[in-house]
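Asks: First the structure, which I've put down as structure tokens, then a few questions once you've had a look.
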Amino acid sequence: MAYVPGVALLAALAVGCSAGSDGSASDADSKPGGPTVTTAPPGKYRTLPAPCRAVPGSTLKDLLPGVAELPQQQQEKAFRGSPTVTYDTDRKVGCSWKSDAPDSTRNLSIDFERVVSYDPAVSDDDRARTLYAKKETAADLSGVTTPPGPPEKPAGSAAGEETGTGKPDGGEGPASPSPSASGSTPGTASGTPGAPGGGSEDLRPRVLDGLGDAAFLDDLLTRAGSTAQHRTVSVVFRTSNVIVTVRYGEQPALVTKVPDSKELQEKAQALARKLVEVISE
């Protein structure tokens with residue numbers, strides 16, 4: 001029998017074990033059909049704009065009538081806005097403004113929410129799409145029905161049925177008091193959401209086209225006791241993984257006056273379109 005030194009024998013055994021282990025690891029890695037982990041792509045937006053600086057000064061002057069009449073120092077304070085208190089400014093920020101004019105009070109607020117999915121299989125966009133859908137469902141846009149037309153009036157009163165915009169007097173939405181119940185006078189109910197047909201513009205809560213990836217508008221007229229009616233128009237839109245909410249409201253000084261729905265809706269939508277550009281900058 002040949003003599004093998006102890007050192008040489010140990011070295012040979014070590015080489016053999018190493019080769020065996022390498023072979024088995026290689027075999028395991030090369031097995032076809034192994035599980036593959038795919039991580040969903042992140043959202044387009046990683047930051048949010050400064051909300052109180054997101055609205056141009058010229059736009060604020062238009063949305064907040066009465067502020068321009070204040071002394072310079074008070075104007076600057078009013079246009080500066082009040083930041084919304086949040087616990088994670090990386091994910092959610094907002095700002096609000098208010099103006100008091102002799103004929104009405106206006107309120108404006110904007111909120112930005114950056115959606116982040118913590119599920120690696122669900123992208124930020126998909127998570128934002130789900131959250132936006134819940135907001136739209138909560139607004140119950142499909143539940144809006146065509147309000148009844150105005151009652152017939154005796155001859156000679158037709159002039160009071162039309163407004164300065166030429167739009168016929170319309171009924172309130174399902175959640176809003178009727179003009180007669182609210183004590184509004186002829187010509188002031190022109191601000192109530194109207195139904196399509198007869199050439200009148202549809203001002204009811206609805207889905208909006210061409211604003212971000214998806215958008216809708218809600219219009220709510222409320223009244224508490226004997227106080228003046230307050231109308232709030234909300235425009236909510238999603239662009240990638242950011243959801244933006246614009247709320248613009250008015251409460252007239254006179255209890256008999258109904259806030260103009262068309263004006264509030266047009267200005268809220270115009271601001272929302274500006275914010276799409278601000279987010280993309």
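Ordering of the structure tokens sets the chain letters (A, B, ...); residue numbers start at 1 within each chain; ligands are numbered from 1 in the order shown.
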Find the residues near Thr239 (chain A): any atom within 10 Å, counting only C-alpha atoms, skip ones fewer than 2 places away on the same chain, and give them as a list in words.
Replies: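 Counting only C-alpha atoms, the residues come to Lys44, Tyr45, Arg114, Asp125, Ala128, Arg129, Leu211, Gly212, Asp213, Ala214, Ala215, Phe237, Asn241, Val242, Ile243, Val244, Val276, Ile279 and Ser280 of chain A.
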Asks: If you count only C-alpha atoms, which residues fall within 9 Å of Leu271 (chain A), apart from same-chain ones fewer than 6 positions away, as an MDAnalysis selection string?
Replies: chainID A and resid 55 59 246
Asks: Determine the nearest neighbour of Leu108 (chain A) from the options A:Thr232, A:Thr222, A:Gln73, A:Ser58, counting only C-alpha atoms.
Replies: A:Thr232
Asks: Can you tell me, as a compact mmCIF listing (two decimals) with all heavy atoms, in the first residue's frame, what residues are no more than 10 Å from Val122 (chain A) when counting only C-alpha atoms, ignoring any on the same chain fewer than 6 positions away?
Replies:
# COMPACT_ATOMS: atom_id res chain seq x y z
N THR A 39 -40.74 43.83 -9.38
CA THR A 39 -41.13 45.00 -8.60
C THR A 39 -41.83 46.00 -9.50
O THR A 39 -41.31 46.35 -10.57
CB THR A 39 -39.91 45.66 -7.94
OG1 THR A 39 -39.25 44.69 -7.11
CG2 THR A 39 -40.32 46.85 -7.10
N ALA A 40 -43.01 46.48 -9.09
CA ALA A 40 -43.77 47.44 -9.89
C ALA A 40 -43.01 48.76 -9.97
O ALA A 40 -42.29 49.14 -9.03
CB ALA A 40 -45.15 47.67 -9.26
N PRO A 41 -43.12 49.47 -11.08
CA PRO A 41 -42.38 50.72 -11.24
C PRO A 41 -42.88 51.80 -10.28
O PRO A 41 -44.07 51.82 -9.92
CB PRO A 41 -42.67 51.12 -12.69
CG PRO A 41 -43.98 50.47 -13.00
CD PRO A 41 -43.96 49.17 -12.25
N PRO A 42 -42.01 52.70 -9.84
CA PRO A 42 -42.44 53.78 -8.94
C PRO A 42 -43.25 54.82 -9.70
O PRO A 42 -43.28 54.84 -10.93
CB PRO A 42 -41.11 54.37 -8.46
CG PRO A 42 -40.15 54.08 -9.58
CD PRO A 42 -40.57 52.75 -10.14
N VAL A 116 -48.05 56.53 -2.58
CA VAL A 116 -46.94 55.57 -2.63
C VAL A 116 -47.48 54.19 -2.27
O VAL A 116 -48.15 54.03 -1.24
CB VAL A 116 -45.80 55.96 -1.66
CG1 VAL A 116 -44.71 54.90 -1.68
CG2 VAL A 116 -45.24 57.32 -2.02
Asks: Can you tell me, as a ChimeraX atom specification, what residues are no more than 10 Å from Val67 (chain A) when counting only C-alpha atoms, ignoring any on the same chain fewer than 3 positions away?
Replies: /A:60-64,70-72,74-79,98-101
Asks: Based on the selection just made, write N, CA and C atoms of those residues as a CSV table (one decimal), in the first residue's frame.
Replies:
chain,number,residue,atom,x,y,z
A,60,LEU,N,-55.1,84.4,-7.8
A,60,LEU,CA,-55.7,84.6,-6.5
A,60,LEU,C,-56.5,85.9,-6.4
A,61,LYS,N,-56.1,86.9,-7.1
A,61,LYS,CA,-56.8,88.2,-7.1
A,61,LYS,C,-58.2,88.0,-7.8
A,62,ASP,N,-58.2,87.1,-8.8
A,62,ASP,CA,-59.5,86.9,-9.5
A,62,ASP,C,-60.4,86.0,-8.6
A,63,LEU,N,-59.8,85.0,-7.9
A,63,LEU,CA,-60.6,84.1,-7.1
A,63,LEU,C,-61.1,84.7,-5.8
A,64,LEU,N,-60.3,85.7,-5.3
A,64,LEU,CA,-60.6,86.3,-4.0
A,64,LEU,C,-60.9,87.8,-4.1
A,70,LEU,N,-57.9,95.8,0.2
A,70,LEU,CA,-57.3,95.9,1.6
A,70,LEU,C,-56.0,96.6,1.5
A,71,PRO,N,-55.6,97.1,2.7
A,71,PRO,CA,-54.2,97.7,2.7
A,71,PRO,C,-53.2,96.7,2.3
A,72,GLN,N,-52.0,97.2,1.9
A,72,GLN,CA,-51.0,96.4,1.3
A,72,GLN,C,-50.6,95.2,2.2
A,74,GLN,N,-52.3,93.8,4.6
A,74,GLN,CA,-53.3,92.8,4.8
A,74,GLN,C,-53.5,92.0,3.5
A,75,GLN,N,-53.2,92.6,2.3
A,75,GLN,CA,-53.3,91.9,1.1
A,75,GLN,C,-52.3,90.8,1.0
A,76,GLU,N,-51.0,91.1,1.4
A,76,GLU,CA,-50.0,90.1,1.4
A,76,GLU,C,-50.3,89.0,2.3
A,77,LYS,N,-50.9,89.3,3.5
A,77,LYS,CA,-51.2,88.2,4.4
A,77,LYS,C,-52.3,87.3,3.8
A,78,ALA,N,-53.3,87.9,3.2
A,78,ALA,CA,-54.4,87.1,2.6
A,78,ALA,C,-54.0,86.3,1.5
A,79,PHE,N,-53.1,86.8,0.6
A,79,PHE,CA,-52.6,86.1,-0.6
A,79,PHE,C,-51.6,85.0,-0.2
A,98,LYS,N,-59.0,82.9,2.1
A,98,LYS,CA,-60.3,83.4,2.4
A,98,LYS,C,-60.4,84.9,2.1
A,99,SER,N,-61.5,85.3,1.5
A,99,SER,CA,-61.6,86.8,1.3
A,99,SER,C,-63.1,87.2,1.7
A,100,ASP,N,-63.1,88.3,2.4
A,100,ASP,CA,-64.4,88.9,2.8
A,100,ASP,C,-64.7,90.2,2.0
A,101,ALA,N,-65.6,90.1,1.1
A,101,ALA,CA,-66.0,91.3,0.4
A,101,ALA,C,-67.4,91.8,0.9
Asks: Determine, counting only C-alpha atoms, which protein, DNA and RNA residues have an atom within 9 Å of an atom of Val93 (chain A); residues of the same chain fewer than 6 positions away are not included. Present the result as an mmCIF file with N, CA, C and O atoms, in the first residue's frame.
Replies:
data_model
loop_
_atom_site.group_PDB
_atom_site.id
_atom_site.type_symbol
_atom_site.label_atom_id
_atom_site.label_comp_id
_atom_site.auth_asym_id
_atom_site.auth_seq_id
_atom_site.Cartn_x
_atom_site.Cartn_y
_atom_site.Cartn_z
ATOM 1 N N LEU A 48 -43.709 66.998 -4.015
ATOM 2 C CA LEU A 48 -44.921 67.795 -4.195
ATOM 3 C C LEU A 48 -44.554 69.279 -4.225
ATOM 4 O O LEU A 48 -43.582 69.700 -3.583
ATOM 5 N N PRO A 49 -45.324 70.093 -4.950
ATOM 6 C CA PRO A 49 -45.036 71.525 -4.973
ATOM 7 C C PRO A 49 -45.411 72.193 -3.654
ATOM 8 O O PRO A 49 -46.183 71.636 -2.864
ATOM 9 N N ALA A 50 -44.855 73.373 -3.415
ATOM 10 C CA ALA A 50 -45.231 74.155 -2.237
ATOM 11 C C ALA A 50 -46.645 74.689 -2.467
ATOM 12 O O ALA A 50 -46.856 75.510 -3.367
ATOM 13 N N PRO A 51 -47.641 74.220 -1.713
ATOM 14 C CA PRO A 51 -49.033 74.532 -2.031
ATOM 15 C C PRO A 51 -49.389 76.008 -1.965
ATOM 16 O O PRO A 51 -50.146 76.508 -2.808
ATOM 17 N N PRO A 83 -51.107 77.299 5.408
ATOM 18 C CA PRO A 83 -50.752 75.903 5.098
ATOM 19 C C PRO A 83 -51.613 74.926 5.893
ATOM 20 O O PRO A 83 -51.939 75.169 7.058
ATOM 21 N N THR A 84 -51.967 73.834 5.258
ATOM 22 C CA THR A 84 -52.711 72.774 5.925
ATOM 23 C C THR A 84 -51.769 71.993 6.834
ATOM 24 O O THR A 84 -50.646 71.670 6.445
ATOM 25 N N VAL A 85 -52.217 71.711 8.039
ATOM 26 C CA VAL A 85 -51.397 70.959 8.983
ATOM 27 C C VAL A 85 -51.442 69.474 8.599
ATOM 28 O O VAL A 85 -52.497 68.849 8.597
ATOM 29 N N THR A 86 -50.284 68.922 8.252
ATOM 30 C CA THR A 86 -50.178 67.497 7.923
ATOM 31 C C THR A 86 -48.994 66.905 8.671
ATOM 32 O O THR A 86 -48.095 67.627 9.112
ATOM 33 N N ILE A 110 -56.592 74.066 -1.699
ATOM 34 C CA ILE A 110 -56.038 73.056 -2.600
ATOM 35 C C ILE A 110 -55.289 72.028 -1.764
ATOM 36 O O ILE A 110 -54.690 72.356 -0.743
ATOM 37 N N ASP A 111 -55.351 70.779 -2.196
ATOM 38 C CA ASP A 111 -54.664 69.689 -1.497
ATOM 39 C C ASP A 111 -53.957 68.810 -2.514
ATOM 40 O O ASP A 111 -54.549 68.436 -3.538
ATOM 41 N N PHE A 112 -52.705 68.478 -2.224
ATOM 42 C CA PHE A 112 -51.916 67.569 -3.049
ATOM 43 C C PHE A 112 -51.626 66.317 -2.234
ATOM 44 O O PHE A 112 -51.167 66.409 -1.090
ATOM 45 N N GLU A 113 -51.855 65.164 -2.828
ATOM 46 C CA GLU A 113 -51.534 63.896 -2.165
ATOM 47 C C GLU A 113 -50.688 63.042 -3.102
ATOM 48 O O GLU A 113 -51.134 62.685 -4.203
ATOM 49 N N ARG A 114 -49.486 62.724 -2.667
ATOM 50 C CA ARG A 114 -48.611 61.853 -3.455
ATOM 51 C C ARG A 114 -48.775 60.431 -2.934
ATOM 52 O O ARG A 114 -48.490 60.137 -1.779
#
